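Comments concern the structure below.
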Protein chains: 2
Amino acid sequence: MDMQARCGLLHGVALFQGLSGDGLRTVAEAAGERRFSKEETLFRQGEPATHGVVLAAGRVRLDQVTADGRNLVLRHFGPGEMLAVVAVLREIPLPASALALDGGLALTWSASRLSKLIEAHPAIARNALEVVGGRVEELQARLQEVSVQRVEQRIAAALLRLASQSGRRTEAGIEIPFALSRQDLAEMTATTLHTVSRTLSAWDRDRVIDARRSSRLIILRPHRLAELAEHA
Amino acid sequence: MDMQARCGLLHGVALFQGLSGDGLRTVAEAAGERRFSKEETLFRQGEPATHGVVLAAGRVRLDQVTADGRNLVLRHFGPGEMLAVVAVLREIPLPASALALDGGLALTWSASRLSKLIEAHPAIARNALEVVGGRVEELQARLQEVSVQRVEQRIAAALLRLASQSGRRTEAGIEIPFALSRQDLAEMTATTLHTVSRTLSAWDRDRVIDARRSSRLIILRPHRLAELAEHA
DNA sequence: CGCACGTTTGATGGACATCAAGGATTGTGG
DNA sequence: CCACAATCCTTGATGTCCATCAAACGTGCG
């Protein structure tokens with residue numbers, strides 16, 4: 001990835017909003033590149049946080065393993081989003097693991113470089129604050145969901161969230177453009193793959209979604225799904 | 001509250017770590033004061049976020065109301081902690097309401113002043129980032145709890161969290177120094193007051209806690225409670 | 001004193017996890 | 001290119017945790 005491409009990418013990244021062309025170039029020059037392939041683990045929960053990451057291409061899932069060995073999907077990340085930055089700045093071990101869903105490319109900055117960049121460009125810290133603020137909001141929303149909503153609503157909400165974050169419009173409906181197992185959905189909604197399977201089957205029967213195995217999931221009637229997410 | 005007292009307070013506040021004496025004084029001088037009494041609402045969910053807040057004295061509970069009218073306790077705040085700061089900087093409506101559990105005093109800064117202070121003292125943004133990072137961690141932990149743990153464990157965890165945040169050592173055990181209804185605990189742990197009541201009664205019988213009505217709750221055997229929080 | 005509010009405790013039911021077993025797809029190696 | 005293994009998915013049966021419904025019981029306050 002040459003400097004011009006990097007700058008082009010970083011220009012659209014929330015973390016670096018408001019930086020001058022010069023500033024952006026400094027940031028771009030300080031970056032390392034890390035190419036990764038599908039299924040690869042970018043970093044592992046519990047390890048020291050050595051590098052801040054911004055995704056250039058590809059999709060990544062952030063996982064947290066519980067004490068009793070269960071897995072919880074915290075969030076999905078796409079191009080332009082930052083990972084691990086806060087853990088780096090707080091100098092704490094990584095609280096979650098990052099798993100690549102596609103192959104892709106990440107730009108990375110070591111802890112010391114990141115600190116220096118922030119010192120030189122305080123806007124970065126402010127931008128990071130806004131991003132993390134958004135993440136707090138998301139987490140509060142999910143906490144609410146898990147606390148008061150029933151499984152069916154949570155699954156609907158999760159699908160809608162995935163659709164709005166990464167969905168592709170097609171003629172039939174909105175397609176979720178990566179493999180998504182029932183287990184994955186279960187880990188996103190705090191339930192079991194069995195319940196997810198039953199629920200998706202029912203929705204498939206009602207033509208709300210197209211969930212045939214061996215094809216990407218397609219939301220046929222988003223509006224209906226939104227109703228299902230809301231309704232008591 | 002005179003300037004010296006303010007500076008003394010702010011000196012210990014995470015948000016203002018690393019500021020020079022001068023810087024601290026500027027911050028202190030820019031602050032407004034807001035006295036509040038027990039049961040008073042400091043701000044209400046959905047209102048525009050006009051002021052960042054740091055608690056000088058008193059205890060505050062952050063509540064979120066769900067679409068169907070239920071209430072969820074997001075967090076408790078004590079002296080030195082910041083509220084609403086992120087919403088102010090992001091210029092979004094307040095995502096939750098703040099209810100005073102005691103009388104107390106808050107220092108406040110308007111949105112424009114806060115922005116100027118951050119511009120003059122970039123360390124503030126970095127500090128805020130660390131604080132909010134910690135909050136993300138907390139939320140992820142709670143999300144995990146609600147997702148995979150059973151009610152009894154969650155209640156135990158909530159009591160331990162309250163104890164570690166605000167508990168007072170007494171001869172008998174650790175006392176939680178404010179009124180805490182079963183309903184409150186239910187809203188903190190995503191359950192009902194009935195289940196909380198049953199659980200606390202059982203623990204009271206086992207002398208793990210002292211939960212007689214009309215006295216503050218006391219944790220008699222913290223170690224046992226920690227076991228209850230962990231064990232499957 | 002009596003009313004209001006928070007609490008306790010029992011009875012019942014429902015949502016969903018768990019247990020169990022079979023069916024469909026994908027990949028792989030002969 | 002087929003066979004077989006490894007996954008992932010589906011669907012039924014059963015059980016259980018906990019919400020809900022219901023009703024009384026303190027406790028403190030006006």
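Residues in the structure tokens are numbered from 1 in each chain, the chains being A, B, ... in the order shown, and ligands are numbered from 1 in the order shown.
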Exercise for the section: Determine which residues of region 92-216 of chain B DSSP labels as helix (DSSP H, G or I) from the backbone of this structure, then write them out as a PyMOL selection string. Expected result: chain B and resi 111-120+123-148+151-166+182-189+193-205
Practice task
May I have the residues of chain A within 7 Å of chain B, counting only C-alpha atoms, written as a VMD selection string?
Solution key: chain A and resid 86 90 122 125 to 126 129 to 130 133 136 139 143 146 to 148 190
How close does each residue of chain D get to chain A, giving the shortest atom pair and distance in Å to one decimal for every residue with an atom at most 10 Å away, counting only C-alpha atoms (C1' of nucleotides), sorted by chain and residue number, as a tab-separated table?
residue	atom	partner	partner_atom	distance
D:DC8	C1'	A:Ser181	CA	7.9
D:DC9	C1'	A:Ser197	CA	7.4
D:DT10	C1'	A:Ser197	CA	7.2
D:DT11	C1'	A:Arg198	CA	8.2
Output N, CA and C atoms (P, O5', C5', C4', C3', O3' and C1' of nucleotides) for every residue in that selection, as a CSV table (one decimal), in the first residue's frame.
chain,number,residue,atom,x,y,z
D,8,DC,P,-18.2,-26.0,11.9
D,8,DC,O5',-19.7,-25.9,11.5
D,8,DC,C5',-20.0,-25.7,10.1
D,8,DC,C4',-21.5,-26.0,9.9
D,8,DC,C3',-22.4,-25.4,10.8
D,8,DC,O3',-23.3,-24.5,10.1
D,8,DC,C1',-23.0,-27.6,10.5
D,9,DC,P,-24.5,-23.7,10.8
D,9,DC,O5',-25.7,-24.7,10.6
D,9,DC,C5',-26.1,-25.0,9.3
D,9,DC,C4',-27.2,-26.0,9.4
D,9,DC,C3',-28.4,-25.5,10.2
D,9,DC,O3',-29.5,-25.4,9.3
D,9,DC,C1',-27.9,-27.7,10.8
D,10,DT,P,-30.9,-24.8,9.8
D,10,DT,O5',-31.6,-26.1,10.3
D,10,DT,C5',-32.1,-27.1,9.3
D,10,DT,C4',-32.8,-28.2,10.0
D,10,DT,C3',-34.0,-27.8,10.8
D,10,DT,O3',-35.1,-28.5,10.2
D,10,DT,C1',-32.6,-29.3,12.1
D,11,DT,P,-36.6,-28.0,10.5
D,11,DT,O5',-37.1,-29.1,11.5
D,11,DT,C5',-36.6,-30.4,11.5
D,11,DT,C4',-36.9,-31.1,12.8
D,11,DT,C3',-38.0,-30.5,13.6
D,11,DT,O3',-38.9,-31.5,13.8
D,11,DT,C1',-36.0,-31.0,14.9
Problem - Shell of 10 Å around Gly23 (chain A), only C-alpha atoms (C1' of nucleotides), local chain residues under 3 positions omitted, as number ranges by chain - result: A: 7, 16, 18-20, 26-29, 117, 120-121
Practice task
Write out as a list in words the residues lying within 8 Å of region 106-108 of chain B, counting only C-alpha atoms (C1' of nucleotides) and excluding same-chain residues fewer than 6 positions away.
Solution key: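 Non-adjacent residues within range: Ala31, Gly32, Glu33, Arg34, Arg35, Phe36, His51, Gly52, Val53, Val54, Leu55, Ala56 and Ala57 of chain B.
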Based on the selection just made, write C-alpha atoms of those residues as a JSON list (two decimals), in the first residue's frame.
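As written to disk, result.json reads:
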[["chain", "number", "residue", "atom", "x", "y", "z"],
["B", 31, "ALA", "CA", -16.58, 25.38, 36.64],
["B", 32, "GLY", "CA", -20.13, 26.02, 37.70],
["B", 33, "GLU", "CA", -21.53, 24.55, 40.89],
["B", 34, "ARG", "CA", -24.71, 22.64, 41.26],
["B", 35, "ARG", "CA", -26.00, 21.59, 44.63],
["B", 36, "PHE", "CA", -28.53, 18.78, 44.63],
["B", 51, "HIS", "CA", -23.02, 20.36, 30.78],
["B", 52, "GLY", "CA", -20.27, 17.98, 31.68],
["B", 53, "VAL", "CA", -20.35, 16.99, 35.34],
["B", 54, "VAL", "CA", -17.85, 15.92, 37.96],
["B", 55, "LEU", "CA", -19.22, 14.87, 41.33],
["B", 56, "ALA", "CA", -17.72, 16.65, 44.31],
["B", 57, "ALA", "CA", -19.90, 14.95, 46.92]]
